[in-house]
$ cat work_6.txt   # compact mmCIF, C-alpha atoms and all ligand atoms
# COMPACT_ATOMS: atom_id res chain seq x y z
CA MET A 218 -105.22 -13.07 12.76
CA SER A 219 -101.94 -11.43 11.87
CA LYS A 220 -101.99 -8.82 9.14
CA LYS A 221 -100.39 -9.64 5.80
CA ILE A 222 -97.35 -7.59 4.85
CA LEU A 223 -97.81 -5.94 1.45
CA VAL A 224 -94.71 -4.07 0.26
CA ALA A 225 -94.88 -1.71 -2.73
CA ASN A 226 -91.35 -1.43 -4.16
CA TRP A 227 -91.31 1.39 -6.70
CA LYS A 228 -87.65 0.87 -7.70
CA GLU A 229 -86.21 3.73 -9.81
CA TYR A 230 -89.62 4.99 -10.84
CA GLY A 231 -92.01 7.60 -9.53
CA THR A 232 -92.51 11.34 -9.51
CA LYS A 233 -94.31 13.56 -7.04
CA ALA A 234 -97.36 13.66 -9.32
CA GLN A 235 -97.45 9.85 -9.43
CA LEU A 236 -97.18 9.68 -5.66
CA ASP A 237 -100.06 12.16 -5.23
CA ALA A 238 -102.22 10.11 -7.57
CA TRP A 239 -101.29 6.86 -5.83
CA ILE A 240 -102.08 8.22 -2.37
CA ASN A 241 -105.41 9.67 -3.53
CA GLN A 242 -106.39 6.34 -4.99
CA ILE A 243 -105.29 4.27 -2.01
CA ALA A 244 -106.97 6.68 0.42
CA LEU A 245 -110.35 5.58 -0.95
CA GLN A 246 -109.87 2.22 0.78
CA LYS A 247 -108.62 3.10 4.24
CA GLN A 248 -110.28 0.10 5.85
CA ALA A 249 -108.74 -2.38 3.42
CA ILE A 250 -105.33 -0.85 4.03
CA SER A 251 -105.61 -1.03 7.79
CA ASP A 252 -106.60 -4.70 7.59
CA ASN A 253 -103.12 -5.31 6.13
CA LYS A 254 -99.62 -4.03 6.84
CA VAL A 255 -98.98 -1.85 3.79
CA ILE A 256 -95.43 -0.57 3.32
CA LEU A 257 -94.80 1.95 0.54
CA CYS A 258 -91.17 2.12 -0.64
CA PRO A 259 -90.84 5.01 -3.10
CA PRO A 260 -87.50 6.41 -4.29
CA LEU A 261 -85.53 8.46 -1.75
CA THR A 262 -86.62 11.74 -3.35
CA LEU A 263 -90.21 11.03 -2.33
CA LEU A 264 -89.65 9.69 1.19
CA SER A 265 -90.29 12.93 3.01
CA ILE A 266 -93.32 13.84 0.88
CA ALA A 267 -94.77 10.33 1.23
CA SER A 268 -94.32 10.50 4.97
CA ASP A 269 -96.17 13.86 5.13
CA LEU A 270 -98.96 12.62 2.88
CA VAL A 271 -99.71 9.54 4.97
CA VAL A 272 -99.54 11.43 8.25
CA ASN A 273 -101.72 14.32 7.02
CA GLY A 274 -104.19 11.93 5.40
CA GLY A 275 -104.35 9.72 8.51
CA LEU A 276 -103.51 6.75 6.30
CA PRO A 277 -102.41 3.50 7.96
CA ILE A 278 -99.47 3.07 5.59
CA SER A 279 -95.84 2.67 6.63
CA ILE A 280 -93.05 4.21 4.61
CA GLY A 281 -89.91 2.35 3.62
CA ALA A 282 -86.70 3.23 1.78
CA GLN A 283 -85.19 0.99 -0.89
CA ASN A 284 -81.62 1.32 0.25
CA VAL A 285 -79.33 2.80 2.90
CA SER A 286 -75.67 3.71 3.02
CA ARG A 287 -73.24 1.04 4.11
CA PHE A 288 -71.46 3.74 6.12
CA GLU A 289 -72.76 5.11 9.38
CA GLU A 290 -72.04 8.72 8.33
CA GLY A 291 -69.21 10.72 6.84
CA LYS A 292 -67.67 12.02 3.65
CA TYR A 293 -69.57 9.74 1.28
CA THR A 294 -71.08 11.96 -1.39
CA GLY A 295 -74.50 10.84 -2.45
CA GLU A 296 -75.06 8.43 0.42
CA VAL A 297 -77.94 8.58 2.91
CA SER A 298 -77.56 7.12 6.39
CA ALA A 299 -79.95 5.02 8.46
CA GLU A 300 -80.34 7.89 10.93
CA MET A 301 -81.39 10.26 8.11
CA ILE A 302 -83.91 7.77 6.74
CA ALA A 303 -85.36 7.22 10.21
CA GLU A 304 -86.76 10.78 10.12
CA PHE A 305 -89.18 9.76 7.36
CA ALA A 306 -89.47 5.99 7.20
CA SER A 307 -89.66 2.94 9.42
CA TYR A 308 -88.58 0.19 6.97
CA VAL A 309 -85.66 -0.24 4.59
CA ILE A 310 -85.21 -2.82 1.82
CA VAL A 311 -81.69 -4.25 1.80
CA GLY A 312 -79.90 -6.60 -0.57
CA HIS A 313 -82.42 -6.56 -3.39
CA SER A 314 -81.06 -8.77 -6.17
CA GLU A 315 -80.98 -5.77 -8.52
CA ARG A 316 -78.50 -4.20 -6.09
CA ARG A 317 -76.61 -7.45 -5.54
CA GLN A 318 -76.26 -7.96 -9.30
CA ASP A 319 -75.81 -4.43 -10.64
CA LEU A 320 -74.63 -2.29 -7.74
CA GLY A 321 -72.07 -4.37 -5.89
CA GLU A 322 -74.14 -5.26 -2.83
CA THR A 323 -72.55 -8.25 -1.09
CA ASP A 324 -73.52 -10.35 1.92
CA ALA A 325 -71.03 -8.30 3.93
CA THR A 326 -72.56 -4.93 2.94
CA VAL A 327 -76.05 -6.31 3.59
CA ALA A 328 -74.96 -7.31 7.10
CA LYS A 329 -73.41 -3.89 7.75
CA LYS A 330 -76.57 -2.15 6.63
CA VAL A 331 -78.72 -4.36 8.84
CA THR A 332 -76.55 -3.44 11.83
CA PHE A 333 -76.96 0.30 11.14
CA LEU A 334 -80.70 -0.12 10.63
CA ASN A 335 -81.03 -1.92 13.96
CA ALA A 336 -79.16 0.87 15.67
CA ALA A 337 -81.47 3.46 14.09
CA LYS A 338 -84.52 1.39 15.12
CA LEU A 339 -85.53 0.83 11.53
CA THR A 340 -86.97 -2.50 10.40
CA SER A 341 -85.02 -4.13 7.60
CA ILE A 342 -86.47 -6.15 4.76
CA VAL A 343 -83.58 -8.29 3.55
CA CYS A 344 -84.06 -9.74 0.07
CA VAL A 345 -82.56 -13.13 -0.70
CA SER A 346 -82.74 -15.49 -3.63
CA GLU A 347 -80.89 -18.41 -2.04
CA VAL A 348 -80.59 -20.02 1.37
CA SER A 349 -76.82 -19.41 1.28
CA GLN A 350 -77.52 -15.65 1.60
CA VAL A 351 -79.54 -16.31 4.74
CA ILE A 352 -76.76 -18.42 6.20
CA ALA A 353 -74.28 -15.64 5.38
CA LEU A 354 -76.51 -13.16 7.23
CA ARG A 355 -76.64 -15.43 10.26
CA ASN A 356 -72.86 -15.84 10.21
CA LEU A 357 -72.36 -12.08 9.97
CA VAL A 358 -75.06 -10.65 12.27
CA GLY A 359 -76.04 -13.56 14.52
CA THR A 360 -79.72 -13.23 15.27
CA TYR A 361 -82.16 -11.55 12.92
CA GLU A 362 -85.83 -10.92 13.64
CA ASP A 363 -87.05 -8.52 10.96
CA ILE A 364 -88.40 -9.40 7.52
CA ILE A 365 -86.84 -11.57 4.82
CA ALA A 366 -88.16 -11.39 1.28
CA TYR A 367 -87.55 -14.54 -0.72
CA GLU A 368 -87.23 -13.45 -4.34
CA PRO A 369 -86.00 -16.00 -6.88
CA LEU A 370 -84.04 -14.35 -9.69
CA PHE A 371 -86.08 -15.92 -12.48
CA ALA A 372 -89.26 -14.40 -11.06
CA ILE A 373 -88.31 -10.74 -10.66
CA GLY A 374 -89.90 -8.55 -13.30
CA THR A 375 -90.46 -11.49 -15.64
CA GLY A 376 -94.14 -12.32 -15.23
CA ASN A 377 -92.97 -15.81 -14.26
CA PRO A 378 -93.50 -16.24 -10.50
CA ASP A 379 -92.28 -19.15 -8.42
CA THR A 380 -94.90 -21.69 -7.39
CA PRO A 381 -96.50 -20.99 -4.01
CA GLU A 382 -95.42 -24.45 -2.81
CA ASN A 383 -91.79 -23.85 -3.69
CA ALA A 384 -91.87 -20.38 -2.14
CA SER A 385 -93.35 -21.85 1.02
CA GLU A 386 -90.63 -24.52 1.14
CA MET A 387 -88.01 -21.77 0.92
CA ALA A 388 -89.80 -19.75 3.59
CA LYS A 389 -89.75 -22.79 5.86
CA LYS A 390 -85.99 -23.22 5.32
CA ILE A 391 -85.45 -19.54 6.12
CA LYS A 392 -87.52 -19.83 9.29
CA ASN A 393 -85.43 -22.81 10.36
CA ILE A 394 -82.45 -20.46 10.32
CA PHE A 395 -84.21 -17.41 11.79
CA PRO A 396 -87.35 -18.64 13.61
CA ASN A 397 -88.54 -15.16 14.59
CA THR A 398 -88.32 -13.56 11.18
CA GLN A 399 -91.34 -13.00 8.94
CA VAL A 400 -90.83 -14.30 5.43
CA ILE A 401 -92.55 -12.69 2.45
CA TYR A 402 -92.44 -13.64 -1.22
CA GLY A 403 -91.51 -11.36 -4.13
CA GLY A 404 -91.30 -11.87 -7.89
CA SER A 405 -94.06 -11.19 -10.43
CA VAL A 406 -96.80 -11.00 -7.82
CA ASP A 407 -100.13 -9.70 -9.10
CA ASP A 408 -103.75 -9.98 -8.09
CA SER A 409 -104.16 -13.21 -10.07
CA ASN A 410 -101.47 -15.18 -8.21
CA LEU A 411 -101.49 -13.45 -4.81
CA LYS A 412 -103.91 -15.92 -3.25
CA GLY A 413 -101.60 -18.91 -3.78
CA PHE A 414 -98.78 -17.19 -1.87
CA LEU A 415 -100.82 -15.73 0.96
CA GLN A 416 -102.43 -19.08 1.65
CA GLN A 417 -99.07 -20.67 2.47
CA GLU A 418 -98.44 -21.29 6.14
CA HIS A 419 -94.90 -19.91 6.16
CA ILE A 420 -95.48 -16.83 3.98
CA SER A 421 -96.44 -13.64 5.80
CA GLY A 422 -96.92 -11.35 2.82
CA VAL A 423 -95.60 -10.21 -0.55
CA LEU A 424 -93.20 -7.69 -2.06
CA VAL A 425 -94.64 -6.21 -5.23
CA GLY A 426 -92.58 -4.35 -7.84
CA ASN A 427 -94.17 -3.74 -11.20
CA ARG A 428 -97.81 -3.97 -10.06
CA SER A 429 -97.27 -1.57 -7.16
CA LEU A 430 -96.68 1.68 -9.05
CA ASP A 431 -100.20 2.08 -10.28
CA GLY A 432 -102.52 2.74 -7.32
CA SER A 433 -105.43 0.88 -8.87
CA PHE A 434 -103.38 -2.29 -9.46
CA PHE A 435 -101.92 -2.19 -5.99
CA LEU A 436 -105.29 -1.52 -4.43
CA GLU A 437 -106.59 -4.67 -6.10
CA ILE A 438 -103.81 -6.60 -4.35
CA VAL A 439 -104.74 -5.00 -1.01
CA ARG A 440 -108.41 -5.86 -1.56
CA GLN A 441 -107.60 -9.45 -2.48
CA ALA A 442 -105.51 -9.85 0.66
CA CYS A 443 -108.46 -8.59 2.76
CA PHE A 444 -110.86 -10.88 1.00
CA LEU A 445 -108.64 -13.88 1.71
CA ALA A 446 -108.25 -12.93 5.35
CA SER A 447 -112.00 -12.51 5.83
CA SER A 448 -112.84 -15.80 4.09
CA LYS A 449 -110.30 -17.56 6.34
CA VAL A 450 -111.97 -16.12 9.42
CA LYS A 451 -115.40 -17.22 8.14
CA ASN A 452 -114.14 -20.75 7.42
CA ALA A 453 -112.63 -20.95 10.88
CA ARG A 454 -116.00 -20.21 12.49
P1 LIG A 501 -91.76 -7.55 -9.66
O1 LIG A 501 -90.59 -7.05 -8.69
O2 LIG A 501 -93.01 -7.63 -8.82
O3 LIG A 501 -91.83 -6.51 -10.71
O4 LIG A 501 -91.37 -8.88 -10.16
C1 LIG A 501 -90.38 -7.68 -7.48
C2 LIG A 501 -89.27 -7.00 -6.72
O5 LIG A 501 -89.24 -5.81 -6.55
O6 LIG A 501 -88.40 -7.64 -6.26

$ encode --input "work_6.txt" --output "structure tokens" --more "lines below"
Ligand code: PGA
Amino acid sequence: MSKKILVANWKEYGTKAQLDAWINQIALQKQAISDNKVILCPPLTLLSIASDLVVNGGLPISIGAQNVSRFEEGKYTGEVSAEMIAEFASYVIVGHSERRQDLGETDATVAKKVTFLNAAKLTSIVCVSEVSQVIALRNLVGTYEDIIAYEPLFAIGTGNPDTPENASEMAKKIKNIFPNTQVIYGGSVDDSNLKGFLQQEHISGVLVGNRSLDGSFFLEIVRQACFLASSKVKNAR
């Protein structure tokens, strides 16, 4: 059975002390983590430390960045390139709606970033809220086989998630456009609604914002995902 993708998106939150505490907490459940595909996306300042902590602790956690420069390299003060991120991480979130709405990220910049990430052998997690953004990606990059996070605007940070059925319908539409991509759902996911999403045929995992910062909350999500996977296996027997 394929592992569920569980992305922890810390956004503009998190200090070194919080990261230490999070890792210590998560490390208590190594088995549960390795039964899933856990991707920790802290702020850029913590990427290198997070990478060291998971390697030194032998933790089966992948590290992701939340953004990348839209330029390959050059005189762009404050920007960080795909190649630089690749030293510490293997995933990068692109086109989050918070960046599309507040930081000028467009379909064209998303496509550019995806191209640089491919070249640096990083896996992109492209966030979309509408099918039109997926079509734009196809028109701009052609094929795409990484991860797409469907995140409806009304659901992000509101405590008001989409219904699992609706999210699955969207995931199906996305897979019609990019059959080899894995679609995950994001927007007010917590341990009480996780099950509904992970049970959907077309949904391969979740992207968690608010509930991912606290290690104990996130661990509950990881445990729930394991529990669901093991009960599926039992039912299949
Ligand atoms: P949320 O954030 O889980 O706090 O709604 C989701 C996201 O990062 O997109």

$ atom_distance --input "work_6.txt" --atom1 "CA of Ser405 in chain A" --atom2 "CA of Leu424 in chain A"
9.1 Å

$ residues_near_ligand --input "work_6.txt" --ligand "ligand LIG 501 (chain A)" --cutoff "7 Å" --atoms "all atoms listed in the file" --output "list of chain:residue names"
A:Asn226, A:Lys228, A:His313, A:Glu368, A:Ala372, A:Ile373, A:Gly374, A:Thr375, A:Gly376, A:Gly403, A:Gly404, A:Ser405, A:Val406, A:Leu424, A:Val425, A:Gly426, A:Asn427, A:Arg428

$ residues_near_point --input "work_6.txt" --point "(-86.4, -0.4, -4.6)" --cutoff "7 Å" --atoms "only C-alpha atoms" --output "list in words"
Asn226, Trp227, Lys228, Glu229, Cys258, Pro260, Gln283 and Ile310 of chain A

$ residues_around --input "work_6.txt" --residues "Gly321 in chain A" --least-positions-apart "6" --cutoff "12 Å" --atoms "all atoms listed in the file" --output "list of chain:residue names"
A:Arg287, A:Gly312, A:His313, A:Ser314, A:Glu315, A:Val327

$ closest_residue --input "work_6.txt" --among "A:Val224, A:Ala282, A:Ile401, A:Ile420" --to "Thr262 in chain A" --atoms "only C-alpha atoms"
A:Ala282

$ closest_residue --input "work_6.txt" --among "A:Leu263, A:Leu354, A:Val423, A:Val400" --to "Met387 in chain A" --atoms "all atoms listed in the file"
A:Val400

$ closest_residue --input "work_6.txt" --among "A:Glu382, A:Cys443, A:Gly231, A:Thr323" --to "Gln248 in chain A" --atoms "all atoms listed in the file"
A:Cys443

$ residues_near_point --input "work_6.txt" --point "(-103.4, -5.2, -5.0)" --cutoff "12 Å" --atoms "all atoms listed in the file" --output "CSV table (one decimal) with C-alpha atoms, in the coordinates of the input"
chain,number,residue,atom,x,y,z
A,222,ILE,CA,-97.4,-7.6,4.8
A,223,LEU,CA,-97.8,-5.9,1.4
A,224,VAL,CA,-94.7,-4.1,0.3
A,225,ALA,CA,-94.9,-1.7,-2.7
A,242,GLN,CA,-106.4,6.3,-5.0
A,243,ILE,CA,-105.3,4.3,-2.0
A,246,GLN,CA,-109.9,2.2,0.8
A,249,ALA,CA,-108.7,-2.4,3.4
A,250,ILE,CA,-105.3,-0.8,4.0
A,253,ASN,CA,-103.1,-5.3,6.1
A,255,VAL,CA,-99.0,-1.8,3.8
A,406,VAL,CA,-96.8,-11.0,-7.8
A,407,ASP,CA,-100.1,-9.7,-9.1
A,408,ASP,CA,-103.8,-10.0,-8.1
A,409,SER,CA,-104.2,-13.2,-10.1
A,410,ASN,CA,-101.5,-15.2,-8.2
A,411,LEU,CA,-101.5,-13.4,-4.8
A,412,LYS,CA,-103.9,-15.9,-3.2
A,422,GLY,CA,-96.9,-11.4,2.8
A,423,VAL,CA,-95.6,-10.2,-0.6
A,424,LEU,CA,-93.2,-7.7,-2.1
A,425,VAL,CA,-94.6,-6.2,-5.2
A,426,GLY,CA,-92.6,-4.4,-7.8
A,427,ASN,CA,-94.2,-3.7,-11.2
A,428,ARG,CA,-97.8,-4.0,-10.1
A,429,SER,CA,-97.3,-1.6,-7.2
A,430,LEU,CA,-96.7,1.7,-9.0
A,431,ASP,CA,-100.2,2.1,-10.3
A,432,GLY,CA,-102.5,2.7,-7.3
A,433,SER,CA,-105.4,0.9,-8.9
A,434,PHE,CA,-103.4,-2.3,-9.5
A,435,PHE,CA,-101.9,-2.2,-6.0
A,436,LEU,CA,-105.3,-1.5,-4.4
A,437,GLU,CA,-106.6,-4.7,-6.1
A,438,ILE,CA,-103.8,-6.6,-4.4
A,439,VAL,CA,-104.7,-5.0,-1.0
A,440,ARG,CA,-108.4,-5.9,-1.6
A,441,GLN,CA,-107.6,-9.4,-2.5
A,442,ALA,CA,-105.5,-9.8,0.7
A,443,CYS,CA,-108.5,-8.6,2.8
A,444,PHE,CA,-110.9,-10.9,1.0

$ atom_distance --input "work_6.txt" --atom1 "CA of Leu245 in chain A" --atom2 "CA of Ser268 in chain A"
17.8 Å

$ atom_distance --input "work_6.txt" --atom1 "CA of Ser286 in chain A" --atom2 "CA of Asn356 in chain A"
21.0 Å

$ closest_residue --input "work_6.txt" --among "A:Tyr293, A:Tyr402, A:Tyr230, A:Phe288" --to "Leu261 in chain A" --atoms "only C-alpha atoms"
A:Tyr230

$ closest_residue --input "work_6.txt" --among "A:Ala299, A:Leu339, A:Leu357, A:Leu415" --to "Ser385 in chain A" --atoms "all atoms listed in the file"
A:Leu415

$ closest_residue --input "work_6.txt" --among "A:Glu290, A:Glu300, A:Glu322, A:Asp363" --to "Pro396 in chain A" --atoms "only C-alpha atoms"
A:Asp363

$ build_atoms --input "work_6.txt" --residues "range 329-340 of chain A" --atoms "all heavy atoms" --output "CSV table (one decimal), keeping the file's coordinate frame"
chain,number,residue,atom,x,y,z
A,329,LYS,N,-73.7,-5.2,7.2
A,329,LYS,CA,-73.4,-3.9,7.8
A,329,LYS,C,-74.6,-3.0,7.8
A,329,LYS,O,-74.9,-2.3,8.8
A,329,LYS,CB,-72.4,-3.2,6.9
A,329,LYS,CG,-71.0,-3.4,7.3
A,329,LYS,CD,-70.1,-2.4,6.5
A,329,LYS,CE,-68.7,-2.5,6.9
A,329,LYS,NZ,-67.8,-1.6,6.1
A,330,LYS,N,-75.4,-3.0,6.7
A,330,LYS,CA,-76.6,-2.2,6.6
A,330,LYS,C,-77.6,-2.6,7.7
A,330,LYS,O,-78.2,-1.7,8.3
A,330,LYS,CB,-77.2,-2.2,5.2
A,330,LYS,CG,-76.3,-1.5,4.2
A,330,LYS,CD,-76.9,-1.7,2.8
A,330,LYS,CE,-76.0,-0.9,1.8
A,330,LYS,NZ,-76.6,-0.8,0.5
A,331,VAL,N,-77.8,-3.9,7.8
A,331,VAL,CA,-78.7,-4.4,8.8
A,331,VAL,C,-78.3,-3.9,10.2
A,331,VAL,O,-79.2,-3.5,11.0
A,331,VAL,CB,-78.8,-5.9,8.8
A,331,VAL,CG1,-79.5,-6.5,10.0
A,331,VAL,CG2,-79.5,-6.3,7.5
A,332,THR,N,-77.0,-3.9,10.5
A,332,THR,CA,-76.6,-3.4,11.8
A,332,THR,C,-76.9,-2.0,12.0
A,332,THR,O,-77.4,-1.6,13.1
A,332,THR,CB,-75.0,-3.7,11.9
A,332,THR,OG1,-74.8,-5.0,11.6
A,332,THR,CG2,-74.5,-3.4,13.3
A,333,PHE,N,-76.6,-1.1,11.0
A,333,PHE,CA,-77.0,0.3,11.1
A,333,PHE,C,-78.5,0.5,11.3
A,333,PHE,O,-78.9,1.4,12.0
A,333,PHE,CB,-76.4,1.1,9.9
A,333,PHE,CG,-74.9,1.2,9.9
A,333,PHE,CD1,-74.2,1.0,8.8
A,333,PHE,CD2,-74.2,1.4,11.1
A,333,PHE,CE1,-72.8,1.0,8.7
A,333,PHE,CE2,-72.8,1.5,11.1
A,333,PHE,CZ,-72.1,1.3,9.9
A,334,LEU,N,-79.2,-0.3,10.6
A,334,LEU,CA,-80.7,-0.1,10.6
A,334,LEU,C,-81.2,-0.5,12.0
A,334,LEU,O,-82.1,0.2,12.6
A,334,LEU,CB,-81.4,-1.0,9.6
A,334,LEU,CG,-81.1,-0.6,8.1
A,334,LEU,CD1,-81.7,-1.5,7.1
A,334,LEU,CD2,-81.6,0.9,7.9
A,335,ASN,N,-80.7,-1.5,12.6
A,335,ASN,CA,-81.0,-1.9,14.0
A,335,ASN,C,-80.7,-0.8,14.9
A,335,ASN,O,-81.6,-0.4,15.8
A,335,ASN,CB,-80.2,-3.1,14.4
A,335,ASN,CG,-80.8,-4.4,13.9
A,335,ASN,OD1,-82.0,-4.5,13.5
A,335,ASN,ND2,-80.0,-5.5,13.9
A,336,ALA,N,-79.6,-0.2,14.8
A,336,ALA,CA,-79.2,0.9,15.7
A,336,ALA,C,-80.1,2.1,15.5
A,336,ALA,O,-80.3,2.8,16.5
A,336,ALA,CB,-77.7,1.3,15.4
A,337,ALA,N,-80.6,2.3,14.3
A,337,ALA,CA,-81.5,3.5,14.1
A,337,ALA,C,-82.9,3.1,14.3
A,337,ALA,O,-83.8,3.9,14.0
A,337,ALA,CB,-81.3,4.0,12.7
A,338,LYS,N,-83.2,1.9,14.8
A,338,LYS,CA,-84.5,1.4,15.1
A,338,LYS,C,-85.4,1.3,13.9
A,338,LYS,O,-86.6,1.6,13.9
A,338,LYS,CB,-85.2,2.2,16.2
A,338,LYS,CG,-84.4,2.2,17.5
A,338,LYS,CD,-85.3,2.4,18.7
A,338,LYS,CE,-84.7,2.1,20.1
A,338,LYS,NZ,-83.3,1.9,20.2
A,339,LEU,N,-84.8,1.0,12.8
A,339,LEU,CA,-85.5,0.8,11.5
A,339,LEU,C,-85.7,-0.7,11.3
A,339,LEU,O,-84.8,-1.4,11.7
A,339,LEU,CB,-84.8,1.4,10.4
A,339,LEU,CG,-84.8,3.0,10.3
A,339,LEU,CD1,-83.7,3.5,9.4
A,339,LEU,CD2,-86.1,3.4,9.7
A,340,THR,N,-86.8,-1.1,10.7
A,340,THR,CA,-87.0,-2.5,10.4
A,340,THR,C,-86.4,-2.8,9.0
A,340,THR,O,-86.8,-2.1,8.1
A,340,THR,CB,-88.5,-2.9,10.5
A,340,THR,OG1,-88.9,-2.6,11.8
A,340,THR,CG2,-88.7,-4.3,10.2
